[in-house]
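Have a look at structure20.pdb; it's PDB, C-alpha atoms:
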ATOM      1  CA  MET A   1       3.356  47.816  13.360
ATOM      2  CA  THR A   2       0.593  45.200  13.456
ATOM      3  CA  GLU A   3       0.781  44.801   9.698
ATOM      4  CA  THR A   4       4.535  44.140   9.888
ATOM      5  CA  ILE A   5       3.954  41.408  12.468
ATOM      6  CA  THR A   6       1.241  39.851  10.320
ATOM      7  CA  TYR A   7       3.432  39.818   7.202
ATOM      8  CA  SER A   8       6.367  38.340   9.112
ATOM      9  CA  THR A   9       3.997  35.685  10.471
ATOM     10  CA  LEU A  10       2.892  35.015   6.886
ATOM     11  CA  LEU A  11       6.533  34.528   5.866
ATOM     12  CA  LEU A  12       7.165  32.072   8.702
ATOM     13  CA  THR A  13       3.947  30.222   7.918
ATOM     14  CA  LEU A  14       4.960  29.937   4.257
ATOM     15  CA  LEU A  15       8.295  28.462   5.352
ATOM     16  CA  MET A  16       6.405  25.991   7.530
ATOM     17  CA  ILE A  17       4.184  25.023   4.588
ATOM     18  CA  VAL A  18       7.262  24.433   2.399
ATOM     19  CA  GLY A  19       8.757  22.194   5.098
ATOM     20  CA  LEU A  20       5.461  20.333   5.429
ATOM     21  CA  VAL A  21       5.277  19.718   1.676
ATOM     22  CA  PHE A  22       8.833  18.338   1.636
ATOM     23  CA  PHE A  23       8.069  16.168   4.666
ATOM     24  CA  ILE A  24       5.009  14.696   2.948
ATOM     25  CA  ARG A  25       6.999  14.095  -0.250
ATOM     26  CA  ALA A  26       9.796  12.408   1.723
ATOM     27  CA  SER A  27       7.329   9.958   3.273
ATOM     28  CA  THR A  28       7.200   8.021  -0.005
ATOM     29  CA  LYS A  29      10.933   7.972  -0.798
ATOM     30  CA  ASP A  30      12.942   4.762  -0.905
ATOM     31  CA  ARG A  31      15.441   4.477   1.908
ATOM     32  CA  ILE A  32      17.681   1.753   0.555
ATOM     33  CA  GLU A  33      20.800   0.952   2.567
ATOM     34  CA  THR A  34      23.421  -1.774   2.661
ATOM     35  CA  LEU A  35      24.342  -3.851   5.695
ATOM     36  CA  THR A  36      27.373  -6.154   5.834
ATOM     37  CA  LEU A  37      26.977  -9.245   7.990
ATOM     38  CA  ALA A  38      29.927 -11.410   8.990
ATOM     39  CA  ARG A  39      29.116 -14.701  10.680
ATOM     40  CA  PRO A  40      31.208 -17.750  11.614
ATOM     41  CA  VAL A  41      29.240 -20.083   9.329
ATOM     42  CA  SER A  42      29.579 -21.165   5.729
ATOM     43  CA  PRO A  43      28.354 -18.697   3.086
ATOM     44  CA  LEU A  44      25.671 -21.108   1.888
ATOM     45  CA  THR A  45      24.311 -21.544   5.414
ATOM     46  CA  LEU A  46      24.188 -17.776   5.956
ATOM     47  CA  LEU A  47      22.405 -17.217   2.633
ATOM     48  CA  GLN A  48      19.873 -19.920   3.462
ATOM     49  CA  THR A  49      19.273 -18.423   6.920
ATOM     50  CA  LEU A  50      18.751 -14.934   5.517
ATOM     51  CA  THR A  51      16.539 -16.195   2.697
ATOM     52  CA  THR A  52      14.365 -18.102   5.164
ATOM     53  CA  TYR A  53      14.159 -15.042   7.412
ATOM     54  CA  PHE A  54      12.956 -12.792   4.586
ATOM     55  CA  GLU A  55      10.567 -15.433   3.230
ATOM     56  CA  GLU A  56       8.951 -15.501   6.686
ATOM     57  CA  ARG A  57       8.498 -11.733   6.301
ATOM     58  CA  ALA A  58       6.484 -12.270   3.060
ATOM     59  CA  TYR A  59       9.308 -11.813   0.536
ATOM     60  CA  ARG A  60       9.826 -14.327  -2.253
ATOM     61  CA  VAL A  61      12.909 -15.263  -4.247
ATOM     62  CA  THR A  62      12.815 -13.747  -7.732
ATOM     63  CA  ALA A  63      16.390 -14.448  -8.845
ATOM     64  CA  ALA A  64      19.279 -16.627  -7.698
ATOM     65  CA  GLU A  65      22.655 -16.338  -9.393
ATOM     66  CA  SER A  66      25.046 -19.069  -8.312
ATOM     67  CA  GLU A  67      28.115 -17.601 -10.061
ATOM     68  CA  ALA A  68      27.674 -14.227  -8.384
ATOM     69  CA  GLN A  69      26.448 -15.876  -5.155
ATOM     70  CA  ARG A  70      23.543 -13.465  -5.138
ATOM     71  CA  ILE A  71      19.861 -13.846  -4.279
ATOM     72  CA  VAL A  72      17.165 -11.265  -5.029
ATOM     73  CA  LEU A  73      13.914 -11.301  -3.058
ATOM     74  CA  ARG A  74      10.847  -9.174  -3.712
ATOM     75  CA  GLY A  75       8.020  -8.200  -1.425
ATOM     76  CA  ARG A  76       5.102  -5.815  -1.432
ATOM     77  CA  VAL A  77       5.382  -2.846   0.917
ATOM     78  CA  ARG A  78       2.055  -1.767   2.283
ATOM     79  CA  PRO A  79       1.419   1.784   3.445
ATOM     80  CA  SER A  80       0.827   2.505   7.111
ATOM     81  CA  LEU A  81      -2.661   3.626   8.067
ATOM     82  CA  PHE A  82      -1.208   5.429  11.088
ATOM     83  CA  LEU A  83       1.269   7.399   8.960
ATOM     84  CA  ALA A  84      -1.429   8.298   6.416
ATOM     85  CA  GLY A  85      -3.593   9.633   9.244
ATOM     86  CA  PHE A  86      -0.669  11.432  10.840
ATOM     87  CA  LEU A  87       0.277  13.167   7.574
ATOM     88  CA  THR A  88      -3.360  14.150   7.051
ATOM     89  CA  LEU A  89      -3.458  15.609  10.563
ATOM     90  CA  LEU A  90      -0.226  17.550   9.974
ATOM     91  CA  ALA A  91      -1.559  18.887   6.680
ATOM     92  CA  ALA A  92      -4.813  19.931   8.392
ATOM     93  CA  ILE A  93      -2.911  21.785  11.109
ATOM     94  CA  GLY A  94      -0.667  23.428   8.501
ATOM     95  CA  GLY A  95      -3.693  24.421   6.422
ATOM     96  CA  LEU A  96      -5.416  25.787   9.513
ATOM     97  CA  CYS A  97      -2.394  27.918  10.454
ATOM     98  CA  PHE A  98      -2.060  29.204   6.901
ATOM     99  CA  ALA A  99      -5.788  29.984   6.734
ATOM    100  CA  LEU A 100      -5.623  31.891  10.023
ATOM    101  CA  VAL A 101      -2.768  34.077   8.810
ATOM    102  CA  LEU A 102      -4.410  34.728   5.437
ATOM    103  CA  THR A 103      -7.754  35.527   7.122
ATOM    104  CA  ASN A 104      -6.016  38.098   9.343
ATOM    105  CA  LEU A 105      -4.414  39.704   6.305
ATOM    106  CA  TRP A 106      -7.478  39.688   4.040
ATOM    107  CA  PRO A 107     -10.654  39.238   6.148
ATOM    108  CA  ALA A 108     -12.959  39.704   3.150
ATOM    109  CA  TYR A 109     -11.780  36.349   1.716
ATOM    110  CA  GLY A 110     -11.731  34.489   5.047
ATOM    111  CA  SER A 111     -14.259  31.857   4.084
ATOM    112  CA  VAL A 112     -12.243  30.953   0.979
ATOM    113  CA  PHE A 113      -9.062  30.467   3.003
ATOM    114  CA  TRP A 114     -10.735  27.973   5.335
ATOM    115  CA  GLY A 115     -10.998  25.701   2.304
ATOM    116  CA  LEU A 116      -7.254  25.028   2.710
ATOM    117  CA  VAL A 117      -8.049  22.762   5.644
ATOM    118  CA  GLY A 118     -10.206  20.684   3.302
ATOM    119  CA  LEU A 119      -7.118  19.872   1.212
ATOM    120  CA  ALA A 120      -5.533  17.929   4.101
ATOM    121  CA  PRO A 121      -6.733  14.465   2.945
ATOM    122  CA  VAL A 122      -4.661  14.931  -0.219
ATOM    123  CA  ALA A 123      -1.535  14.430   1.933
ATOM    124  CA  GLY A 124      -2.750  11.041   3.192
ATOM    125  CA  TRP A 125      -3.839  10.034  -0.305
ATOM    126  CA  PHE A 126      -0.434  11.034  -1.744
ATOM    127  CA  TYR A 127       1.379   8.950   0.876
ATOM    128  CA  TRP A 128      -0.970   5.991   0.357
ATOM    129  CA  GLN A 129      -0.434   5.997  -3.413
ATOM    130  CA  GLY A 130       3.340   6.449  -3.241
ATOM    131  CA  SER A 131       4.067   3.918  -0.514
ATOM    132  CA  ASP A 132       2.252   0.929  -2.001
ATOM    133  CA  ARG A 133       5.062  -0.626  -4.072
ATOM    134  CA  ASP A 134       7.257  -3.665  -4.637
ATOM    135  CA  GLU A 135      10.630  -3.656  -2.938
ATOM    136  CA  ASP A 136      13.731  -5.755  -3.578
ATOM    137  CA  ILE A 137      16.202  -7.217  -1.123
ATOM    138  CA  ILE A 138      19.586  -8.294  -2.488
ATOM    139  CA  LEU A 139      21.735 -10.818  -0.624
ATOM    140  CA  GLN A 140      25.270 -11.223  -1.953
ATOM    141  CA  VAL A 141      28.269 -13.118  -0.606
ATOM    142  CA  LEU A 142      31.419 -11.027  -0.690
ATOM    143  CA  PRO A 143      33.937 -12.992  -2.764
ATOM    144  CA  GLU A 144      37.070 -12.095  -0.795
ATOM    145  CA  ALA A 145      35.408 -13.023   2.461
ATOM    146  CA  SER A 146      34.120 -16.435   1.439
ATOM    147  CA  SER A 147      36.626 -18.974   2.637
ATOM    148  CA  GLU A 148      36.684 -22.647   1.801
ATOM    149  CA  ASP A 149      38.427 -23.531   5.068
ATOM    150  CA  PRO A 150      36.345 -26.388   6.546
ATOM    151  CA  ILE A 151      37.864 -25.944  10.014
ATOM    152  CA  ASP A 152      36.962 -22.264  10.444
ATOM    153  CA  PRO A 153      34.190 -21.374   7.986
ATOM    154  CA  SER A 154      33.148 -17.756   7.864
ATOM    155  CA  ALA A 155      30.863 -15.788   5.597
ATOM    156  CA  THR A 156      30.371 -12.138   4.844
ATOM    157  CA  VAL A 157      27.130 -11.195   3.136
ATOM    158  CA  THR A 158      25.910  -7.777   2.071
ATOM    159  CA  VAL A 159      22.189  -7.165   2.426
ATOM    160  CA  THR A 160      20.765  -4.309   0.371
ATOM    161  CA  ALA A 161      17.254  -3.433   1.490
ATOM    162  CA  HIS A 162      14.990  -0.770   2.944
ATOM    163  CA  ARG A 163      16.346   0.774   6.142
ATOM    164  CA  ASP A 164      13.427  -0.541   8.223
ATOM    165  CA  GLU A 165      13.993  -4.110   7.011
ATOM    166  CA  LEU A 166      17.681  -3.886   7.928
ATOM    167  CA  ILE A 167      16.801  -2.625  11.410
ATOM    168  CA  ALA A 168      14.348  -5.509  11.851
ATOM    169  CA  LEU A 169      17.008  -7.965  10.614
ATOM    170  CA  GLU A 170      19.604  -6.669  13.073
ATOM    171  CA  GLN A 171      17.100  -6.888  15.926
ATOM    172  CA  GLY A 172      16.133 -10.412  14.908
ATOM    173  CA  LEU A 173      19.759 -11.519  14.715
ATOM    174  CA  SER A 174      20.597  -9.973  18.085
ATOM    175  CA  ARG A 175      17.617 -11.784  19.679
ATOM    176  CA  GLU A 176      18.781 -15.022  18.085
ATOM    177  CA  ASN A 177      22.306 -14.488  19.437
ATOM    178  CA  GLN A 178      20.914 -13.765  22.913
ATOM    179  CA  LYS A 179      18.915 -17.009  22.829
ATOM    180  CA  LYS A 180      22.035 -18.976  21.846
ATOM    181  CA  ALA A 181      24.163 -17.288  24.520
ATOM    182  CA  SER A 182      21.728 -17.890  27.381
ATOM    183  CA  PRO A 183      21.896 -21.422  28.879
TER
END
Could you render the structure as structure tokens?
Amino acid sequence: MTETITYSTLLLTLLMIVGLVFFIRASTKDRIETLTLARPVSPLTLLQTLTTYFEERAYRVTAAESEAQRIVLRGRVRPSLFLAGFLTLLAAIGGLCFALVLTNLWPAYGSVFWGLVGLAPVAGWFYWQGSDRDEDIILQVLPEASSEDPIDPSATVTVTAHRDELIALEQGLSRENQKKASP
């Protein structure tokens, strides 16, 4: 009976390890999304505002296509020290759990299994190497939405960028709108 419990615990621990490996791998994936912004200003003004905003966030213009009304900005994404430490901690806990189960199953090799905990820094290193990269932001005016009406100008721009940058942009724009709305 005890052996059955130990083997079922081994199975659950293996499933946990698989989930942990996929979680660590996912930490370095690109999360590119598209946001559509519609504002009651001219398209050129909106593009200039967005370009200035992203330049203040350490991006630089790498391409500007006037015919396509498109601007490409590039910036360097730095890895997070907190996330590297957190992933290392998770890997250490996962390695510890796995070592405990394996030590219960095969006590003669217990000291070898404790070496799994020593592999935990590989998770932080993997994240650190995979997250240090260049990232592009694409600003493009939607052609059907750009109106030449001088009385009621409006612009619709699509912003293609990392999910976190889009969240920061939305928060920045909402703060700006709140400042304009308050007397």
Report, in Å with one decimal, the straight-line distance from atom CA of A:Leu119 to atom CA of A:Ala92.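 Result for atom CA of A:Leu119 versus atom CA of A:Ala92: 7.5 Å, one decimal.
Once the PyMOL selection byres ((chain A and resi 100) around 12) is applied to the depicted file, the selected set reads Thr6, Thr9, Leu10, Thr13, Ile93, Gly94, Gly95, Leu96, Cys97, Phe98, Ala99, Val101, Leu102, Thr103, Asn104, Leu105, Trp106, Pro107, Tyr109, Gly110, Ser111, Val112, Phe113, Trp114, Gly115, Leu116 and Val117 of chain A.
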Handout entry: Point-to-point distance in Å for atom CA of A:Ala123 and atom CA of A:Phe86
Key =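 Atom CA of A:Ala123 lies at a distance of 9.4 Å from atom CA of A:Phe86.
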Self-check item: Close residues, A:Val61 itself excluded, 12 Å, all atoms listed in the file, min 6 positions apart in chain, as a PyMOL selection string
Solution: chain A and resi 47-48+50-55+70-75+135-139
Spatial neighbours of A:Thr28, 7 Å, all atoms listed in the file, chain gap at least 4 places, as a list in words: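 Neighbouring residues, sequence-local ones excluded: Tyr127, Gly130 and Ser131 of chain A.
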Edge lengths and centre, in Å to one decimal, as AutoDock Vina command-line options: that's what I need for the box along x, y and z that holds all listed atoms of stretch 120-128 of chain A plus 3 Å on each side.
--center_x -2.7 --center_y 12.0 --center_z 1.2 --size_x 14.1 --size_y 17.9 --size_z 11.8
If we count only C-alpha atoms and set the cut-off at 8 Å, which residues sit around A:Val157, ignoring sequence neighbours fewer than 3 positions away in its own chain? Please answer as number ranges by chain. A: 36-38, 43, 46-47, 139-142
Keeping only C-alpha atoms, take the residues you just selected and write them out as a PDB file, in the frame of the given file.
ATOM      1  CA  THR A  36      27.373  -6.154   5.834  1.00  0.00           C
ATOM      2  CA  LEU A  37      26.977  -9.245   7.990  1.00  0.00           C
ATOM      3  CA  ALA A  38      29.927 -11.410   8.990  1.00  0.00           C
ATOM      4  CA  PRO A  43      28.354 -18.697   3.086  1.00  0.00           C
ATOM      5  CA  LEU A  46      24.188 -17.776   5.956  1.00  0.00           C
ATOM      6  CA  LEU A  47      22.405 -17.217   2.633  1.00  0.00           C
ATOM      7  CA  LEU A 139      21.735 -10.818  -0.624  1.00  0.00           C
ATOM      8  CA  GLN A 140      25.270 -11.223  -1.953  1.00  0.00           C
ATOM      9  CA  VAL A 141      28.269 -13.118  -0.606  1.00  0.00           C
ATOM     10  CA  LEU A 142      31.419 -11.027  -0.690  1.00  0.00           C
TER      11      LEU A 142
END
A:Thr62 proximity check over A:Leu11, A:Ala155, A:Gly19, A:Asp134, using all atoms listed in the file: winner is A:Asp134
Top pick for closest residue to A:Leu166, considering A:Leu83, A:Glu65, A:Leu35, A:Val77 and counting only C-alpha atoms:
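Of the candidates, the smallest distance to A:Leu166 is held by A:Leu35.
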Near A:Asp132, within 7 Å and counting all atoms listed in the file, which residues show up once chain neighbours fewer than 4 positions away are dropped, as a count of residues only? 4
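Our summary of the geometry notes that atom CA of A:Ala161 is positioned 20.4 Å from atom CA of A:Arg25.
Distance check against A:Val18 using all atoms listed in the file: of A:Ala91, A:Ala58, A:Leu173, A:Ile167, the minimum falls on A:Ala91.
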Nearest to A:Thr34, restricted to all atoms listed in the file and choosing among A:Gly172, A:Arg163, A:Ala84, A:Thr2, comes out as A:Arg163
**Report entry** Among the residues A:Arg57, A:Arg76, A:Arg31, A:Arg39, the one that comes closest to A:Ala168 [using all atoms listed in the file]
**Finding:**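 Of A:Arg57, A:Arg76, A:Arg31, A:Arg39, the one nearest A:Ala168, counting all atoms listed in the file, is A:Arg57.
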